[in-house]
Every structure is written in structure tokens, then in C-alpha cells.
Amino acid sequence: MRRIAFAILLILSVAGLTALGVWQLQRLAWKTHLIAQVNERTTGPAIPAPGPGQWAGLSKSSDEYRHVTIKGHYLNAAEAQVYALTELGAGYWVLTPLKTADGTIVFVNRGYVPTEKKAPATRPLGQLEEEVQVTGLLRMSETKGWLFSQENDPGHDAWYRRDVAAIARARHLGTVAPYFIDADATPNPGGLPKGGMTVVRFPNSHLAYALTWFSLALMLAGAGIWLWRRGPGPVGDA
């Protein structure tokens with residue numbers, strides 16, 4: 001009975017490890033397709049940013065990182081600064097609502113400023129009043145934070161994720177687009193904010209994970225077969 005129980009346990013364990021390897025191969029195919037899609041979106045020609053009639057159909061999977069362009073006036077008084085950790089160090093993303101000719105409001109992540117330049121008064125040249133055309137990448141609103149990340153605190157005007165609906169409520173802007181645009185690296189007067197810092201990088205280690213699970217399954221199967229053939233060990237005198 002113990003040999004039968006051992007065989008059943010061995011088969012189930014090998015099957016489980018193999019299933020994990022197959023799952024990682026499926027994840028590999030999904031991630032490879034996602035990377036190809038995102039590369040196509042980011043390198044394609046800029047298209048007009050989606051208007052209100054298209055907002056309901058937008059999704060992270062089908063629209064994030066699309067190369068878009070929009071024209072309008074910044075509502076500088078409603079700017080929000082969102083805490084950021086970047087390759088340039090700690091600082092803030094400058095999120096400014098942009099109002100188009102038809103009254104549509106879309107937030108633009110104009111780029112990064114260091115901590116000492118958080119206040120708009122410290123970078124007056126960048127507070128543009130004239131009509132601007134912004135080109136960049138469409139990003140869906142960040143309604144959820146990372147594990148252990150701080151929550152937005154609208155009461156103290158402290159922002160840790162780019163939740164455009166929450167910022168719009170705090171700024172009494174009414175309805176805004178459910179996305180924001182990461183501005184490209186076109187220089188702003190005075191050099192700040194610094195755009196073009198979107199990180200488009202997806203870790204893809206699924207093949208290594210799959211090979212690890214398959215290797216464990218193979219080693220376990222080999223060890224199990226060896227033990228089965230070896231049979232019960234000698235039993236000593238009591």
C-alpha cells in the first residue's frame with residue numbers, strides 16, 4: 001500500500017510541476033504578444049486623443065501607451081503634483097488639466113520636477129498660457145496603488161498616484177477624460193517639467209520560470225523512478 005501511495009503522490013507532484021511549466025509558457029505567449037502590441041502603439045504615428053464619445057470603450061489592455069496628440073489651453077491653477085521616484089531621483093509628476101476648444105478636459109502629465117521645484121512659482125516659465133499642442137502616450141488613470149504605497153490624501157493636496165478622477169474632484173473640474181497623457185520630451189520653457197520619461201518596460205522571465213518547473217518535474221520523476229525500482233530497503237532486526 002505504501003508503494004501505491006508513493007506512486008500516486010509522485011504522479012500528482014510531477015503533474016503539478018508540469019502544469020506550472022505549461023502555465024508559464026502560456027504567460028510567455030501572452031507577455032510576448034503584449035510587448036509587440038505596446039511597441040506598435042508607441043512607435044505608430046500620433047492620432048487624436050480619444051474624445052468623450054470614445055471614453056466608455058477605452059481599456060488598459062487595448063489602449064494604454066497609444067501615441068496620441070491633443071491641442072488646448074492648460075488650466076495651470078488646477079495643476080497637481082504627484083510624488084514620483086524616477087531615474088532622476090525623487091520628485092513629482094506635474095499633472096495639469098488641458099481644456100480643448102470644445103470644452104473637453106484631459107489631464108496631461110507634463111513631466112518630472114525635482115522636489116525643490118514642486119511649487120509652480122519656482123518654475124514660472126513653464127506655466128504656459130498660450131494654446132499648446134501636446135503629443136505623448138495615453139495612460140489609464142491610476143485608481144489603484146502598488147502594495148504598501150501611500151493613499152492619495154486630497155484633503156492635504158498630497159498625491160501618490162495619478163488618479164485623474166480624484167484630482168478632478170478635488171479641483172472641482174467636473175467630468176474629465178478617464179486617462180491622462182504622458183507628454184513626450186519636447187522641451188518646456190525653462191526646462192521644467194521634464195517630459196518623455198515614460199518607462200515602457202515589461203519584465204519577461206516566463207521562459208526561465210517554465211524551464212525551472214519542467215526541470216523540477218523531470219528531476220522528481222527521475223528520483224521517484226529510481227526509488228521505485230530500488231524497492232524497499234533492508235529491514236534490520238528489532
# chains A, B, ... in the order shown; residues from 1 in each chain; ligands from 1
call {"tool": "residues_around", "arguments": {"residues": "region 166-172 of chain A", "least_positions_apart": "4", "cutoff": "8 Å", "atoms": "only C-alpha atoms", "output": "ChimeraX atom specification"}}
result
/A:78,80,154,176
call {"tool": "atom_distance", "arguments": {"atom1": "CA of Lys194 (chain A)", "atom2": "CA of Ala101 (chain A)"}}
result
25.6 Å
call {"tool": "closest_residue", "arguments": {"among": "A:Thr212, A:Gln127, A:Gln133, A:Thr175", "to": "Glu79 (chain A)", "atoms": "only C-alpha atoms"}}
result
A:Gln127
call {"tool": "residues_around", "arguments": {"residues": "Arg3 (chain A)", "least_positions_apart": "5", "cutoff": "12 Å", "atoms": "only C-alpha atoms", "output": "list in words"}}
result
Ile8, Leu9, Leu10, Gly224, Ile225, Leu227, Trp228, Arg229, Arg230, Gly231 and Pro232 of chain A
call {"tool": "write_last_selection", "arguments": {"atoms": "all heavy atoms", "output": "mmCIF file, in the first residue's frame"}}
result
data_model
loop_
_atom_site.group_PDB
_atom_site.id
_atom_site.type_symbol
_atom_site.label_atom_id
_atom_site.label_comp_id
_atom_site.auth_asym_id
_atom_site.auth_seq_id
_atom_site.Cartn_x
_atom_site.Cartn_y
_atom_site.Cartn_z
ATOM 1 N N ILE A 8 1.202 7.338 -6.361
ATOM 2 C CA ILE A 8 0.154 8.355 -6.584
ATOM 3 C C ILE A 8 0.683 9.744 -6.253
ATOM 4 O O ILE A 8 0.481 10.702 -7.003
ATOM 5 C CB ILE A 8 -1.086 8.026 -5.736
ATOM 6 C CG1 ILE A 8 -1.747 6.730 -6.246
ATOM 7 C CG2 ILE A 8 -2.080 9.180 -5.784
ATOM 8 C CD1 ILE A 8 -2.888 6.247 -5.371
ATOM 9 N N LEU A 9 1.386 9.858 -5.116
ATOM 10 C CA LEU A 9 1.939 11.157 -4.716
ATOM 11 C C LEU A 9 2.951 11.654 -5.738
ATOM 12 O O LEU A 9 2.979 12.847 -6.080
ATOM 13 C CB LEU A 9 2.584 11.029 -3.338
ATOM 14 C CG LEU A 9 3.222 12.323 -2.774
ATOM 15 C CD1 LEU A 9 2.164 13.412 -2.619
ATOM 16 C CD2 LEU A 9 3.887 12.034 -1.430
ATOM 17 N N LEU A 10 3.773 10.740 -6.243
ATOM 18 C CA LEU A 10 4.787 11.110 -7.238
ATOM 19 C C LEU A 10 4.129 11.613 -8.517
ATOM 20 O O LEU A 10 4.519 12.653 -9.062
ATOM 21 C CB LEU A 10 5.673 9.900 -7.533
ATOM 22 C CG LEU A 10 6.723 10.096 -8.638
ATOM 23 C CD1 LEU A 10 7.742 11.145 -8.221
ATOM 24 C CD2 LEU A 10 7.405 8.764 -8.961
ATOM 25 N N GLY A 224 11.937 9.613 -8.360
ATOM 26 C CA GLY A 224 10.860 8.712 -7.984
ATOM 27 C C GLY A 224 10.981 7.357 -8.649
ATOM 28 O O GLY A 224 10.785 6.306 -8.002
ATOM 29 N N ILE A 225 11.331 7.339 -9.941
ATOM 30 C CA ILE A 225 11.502 6.069 -10.658
ATOM 31 C C ILE A 225 12.662 5.271 -10.071
ATOM 32 O O ILE A 225 12.581 4.044 -9.911
ATOM 33 C CB ILE A 225 11.725 6.344 -12.161
ATOM 34 C CG1 ILE A 225 10.435 6.916 -12.768
ATOM 35 C CG2 ILE A 225 12.154 5.093 -12.889
ATOM 36 C CD1 ILE A 225 10.609 7.399 -14.190
ATOM 37 N N LEU A 227 13.783 5.367 -6.971
ATOM 38 C CA LEU A 227 13.370 4.817 -5.688
ATOM 39 C C LEU A 227 12.408 3.644 -5.864
ATOM 40 O O LEU A 227 12.455 2.662 -5.118
ATOM 41 C CB LEU A 227 12.709 5.919 -4.841
ATOM 42 C CG LEU A 227 13.648 6.997 -4.290
ATOM 43 C CD1 LEU A 227 12.851 8.109 -3.636
ATOM 44 C CD2 LEU A 227 14.622 6.375 -3.282
ATOM 45 N N TRP A 228 11.523 3.760 -6.868
ATOM 46 C CA TRP A 228 10.565 2.678 -7.120
ATOM 47 C C TRP A 228 11.286 1.396 -7.519
ATOM 48 O O TRP A 228 10.966 0.312 -7.028
ATOM 49 C CB TRP A 228 9.594 3.124 -8.211
ATOM 50 C CG TRP A 228 8.577 2.075 -8.559
ATOM 51 C CD1 TRP A 228 8.682 1.102 -9.521
ATOM 52 C CD2 TRP A 228 7.305 1.873 -7.944
ATOM 53 N NE1 TRP A 228 7.569 0.328 -9.557
ATOM 54 C CE2 TRP A 228 6.692 0.762 -8.580
ATOM 55 C CE3 TRP A 228 6.623 2.526 -6.900
ATOM 56 C CZ2 TRP A 228 5.432 0.321 -8.232
ATOM 57 C CZ3 TRP A 228 5.369 2.072 -6.550
ATOM 58 C CH2 TRP A 228 4.787 0.971 -7.214
ATOM 59 N N ARG A 229 12.263 1.525 -8.427
ATOM 60 C CA ARG A 229 13.000 0.348 -8.887
ATOM 61 C C ARG A 229 13.874 -0.222 -7.786
ATOM 62 O O ARG A 229 14.102 -1.447 -7.739
ATOM 63 C CB ARG A 229 13.843 0.721 -10.092
ATOM 64 C CG ARG A 229 13.025 0.983 -11.353
ATOM 65 C CD ARG A 229 13.916 1.355 -12.511
ATOM 66 N NE ARG A 229 13.164 1.475 -13.755
ATOM 67 C CZ ARG A 229 13.703 1.858 -14.925
ATOM 68 N NH1 ARG A 229 14.990 2.173 -14.973
ATOM 69 N NH2 ARG A 229 12.962 1.924 -15.994
ATOM 70 N N ARG A 230 14.372 0.631 -6.931
ATOM 71 C CA ARG A 230 15.257 0.178 -5.852
ATOM 72 C C ARG A 230 14.485 -0.681 -4.860
ATOM 73 O O ARG A 230 15.027 -1.628 -4.285
ATOM 74 C CB ARG A 230 15.836 1.398 -5.147
ATOM 75 C CG ARG A 230 16.796 1.076 -4.018
ATOM 76 C CD ARG A 230 17.496 2.362 -3.586
ATOM 77 N NE ARG A 230 18.376 2.143 -2.459
ATOM 78 C CZ ARG A 230 18.049 2.336 -1.192
ATOM 79 N NH1 ARG A 230 16.819 2.745 -0.897
ATOM 80 N NH2 ARG A 230 18.913 2.119 -0.214
ATOM 81 N N GLY A 231 13.196 -0.340 -4.706
ATOM 82 C CA GLY A 231 12.375 -1.130 -3.803
ATOM 83 C C GLY A 231 12.633 -0.803 -2.348
ATOM 84 O O GLY A 231 13.496 0.019 -2.015
ATOM 85 N N PRO A 232 11.888 -1.462 -1.456
ATOM 86 C CA PRO A 232 12.070 -1.217 -0.018
ATOM 87 C C PRO A 232 13.473 -1.576 0.439
ATOM 88 O O PRO A 232 14.073 -2.550 -0.032
ATOM 89 C CB PRO A 232 11.022 -2.113 0.645
ATOM 90 C CG PRO A 232 10.048 -2.462 -0.457
ATOM 91 C CD PRO A 232 10.860 -2.475 -1.726
#
call {"tool": "residues_around", "arguments": {"residues": "Ser13 (chain A)", "least_positions_apart": "3", "cutoff": "12 Å", "atoms": "only C-alpha atoms", "output": "PyMOL selection string"}}
result
chain A and resi 6-10+16-20+213-214+216-221+224
call {"tool": "write_last_selection", "arguments": {"atoms": "N, CA and C atoms", "output": "tab-separated table (two decimals), in the first residue's frame"}}
result
chain	number	residue	atom	x	y	z
A	6	PHE	N	2.93	6.05	-2.59
A	6	PHE	CA	4.11	6.77	-3.08
A	6	PHE	C	3.97	7.08	-4.56
A	7	ALA	N	3.50	6.11	-5.35
A	7	ALA	CA	3.35	6.30	-6.79
A	7	ALA	C	2.31	7.39	-7.10
A	8	ILE	N	1.20	7.34	-6.36
A	8	ILE	CA	0.15	8.36	-6.58
A	8	ILE	C	0.68	9.74	-6.25
A	9	LEU	N	1.39	9.86	-5.12
A	9	LEU	CA	1.94	11.16	-4.72
A	9	LEU	C	2.95	11.65	-5.74
A	10	LEU	N	3.77	10.74	-6.24
A	10	LEU	CA	4.79	11.11	-7.24
A	10	LEU	C	4.13	11.61	-8.52
A	16	GLY	N	1.69	18.33	-11.21
A	16	GLY	CA	1.55	19.70	-10.73
A	16	GLY	C	2.68	20.59	-11.22
A	17	LEU	N	3.92	20.09	-11.13
A	17	LEU	CA	5.06	20.87	-11.59
A	17	LEU	C	5.00	21.09	-13.11
A	18	THR	N	4.57	20.08	-13.83
A	18	THR	CA	4.44	20.22	-15.29
A	18	THR	C	3.37	21.24	-15.64
A	19	ALA	N	2.28	21.21	-14.90
A	19	ALA	CA	1.20	22.18	-15.15
A	19	ALA	C	1.69	23.61	-14.92
A	20	LEU	N	2.51	23.79	-13.89
A	20	LEU	CA	3.07	25.12	-13.64
A	20	LEU	C	3.97	25.56	-14.79
A	213	TRP	N	10.32	24.94	-13.69
A	213	TRP	CA	9.28	23.99	-13.29
A	213	TRP	C	9.43	22.66	-14.02
A	214	PHE	N	9.73	22.71	-15.32
A	214	PHE	CA	9.90	21.46	-16.08
A	214	PHE	C	11.11	20.69	-15.56
A	216	LEU	N	12.33	20.73	-12.49
A	216	LEU	CA	11.96	20.13	-11.21
A	216	LEU	C	11.09	18.90	-11.41
A	217	ALA	N	10.16	18.99	-12.37
A	217	ALA	CA	9.30	17.83	-12.65
A	217	ALA	C	10.13	16.65	-13.14
A	218	LEU	N	11.10	16.94	-14.02
A	218	LEU	CA	11.94	15.87	-14.56
A	218	LEU	C	12.81	15.25	-13.47
A	219	MET	N	13.40	16.08	-12.63
A	219	MET	CA	14.25	15.55	-11.55
A	219	MET	C	13.42	14.73	-10.56
A	220	LEU	N	12.23	15.23	-10.24
A	220	LEU	CA	11.39	14.49	-9.29
A	220	LEU	C	10.97	13.16	-9.89
A	221	ALA	N	10.62	13.17	-11.17
A	221	ALA	CA	10.23	11.92	-11.82
A	221	ALA	C	11.39	10.93	-11.84
A	224	GLY	N	11.94	9.61	-8.36
A	224	GLY	CA	10.86	8.71	-7.98
A	224	GLY	C	10.98	7.36	-8.65
call {"tool": "closest_atom_pairs", "arguments": {"of": "region 161-216 of chain A", "to": "region 55-70 of chain A", "cutoff": "9 Å", "atoms": "only C-alpha atoms", "output": "tab-separated table"}}
result
residue	atom	partner	partner_atom	distance
A:Ala177	CA	A:Trp55	CA	7.0
A:Pro178	CA	A:Trp55	CA	6.8
A:Tyr179	CA	A:Trp55	CA	8.6
A:Ile181	CA	A:Val68	CA	7.9
A:Asp182	CA	A:Tyr65	CA	8.8
A:Val200	CA	A:Tyr65	CA	8.3
call {"tool": "atom_distance", "arguments": {"atom1": "CA of Gly21 (chain A)", "atom2": "CA of Glu40 (chain A)"}}
result
28.8 Å
call {"tool": "atom_distance", "arguments": {"atom1": "CA of Ala158 (chain A)", "atom2": "CA of Gly72 (chain A)"}}
result
26.4 Å
call {"tool": "residues_around", "arguments": {"residues": "Gln150 (chain A)", "least_positions_apart": "6", "cutoff": "9 Å", "atoms": "only C-alpha atoms", "output": "list in words"}}
result
Trp159, Tyr160 and Arg161 of chain A
call {"tool": "residues_around", "arguments": {"residues": "region 112-122 of chain A", "least_positions_apart": "2", "cutoff": "7 Å", "atoms": "only C-alpha atoms", "output": "PyMOL selection string"}}
result
chain A and resi 81+90-94+124+192-195
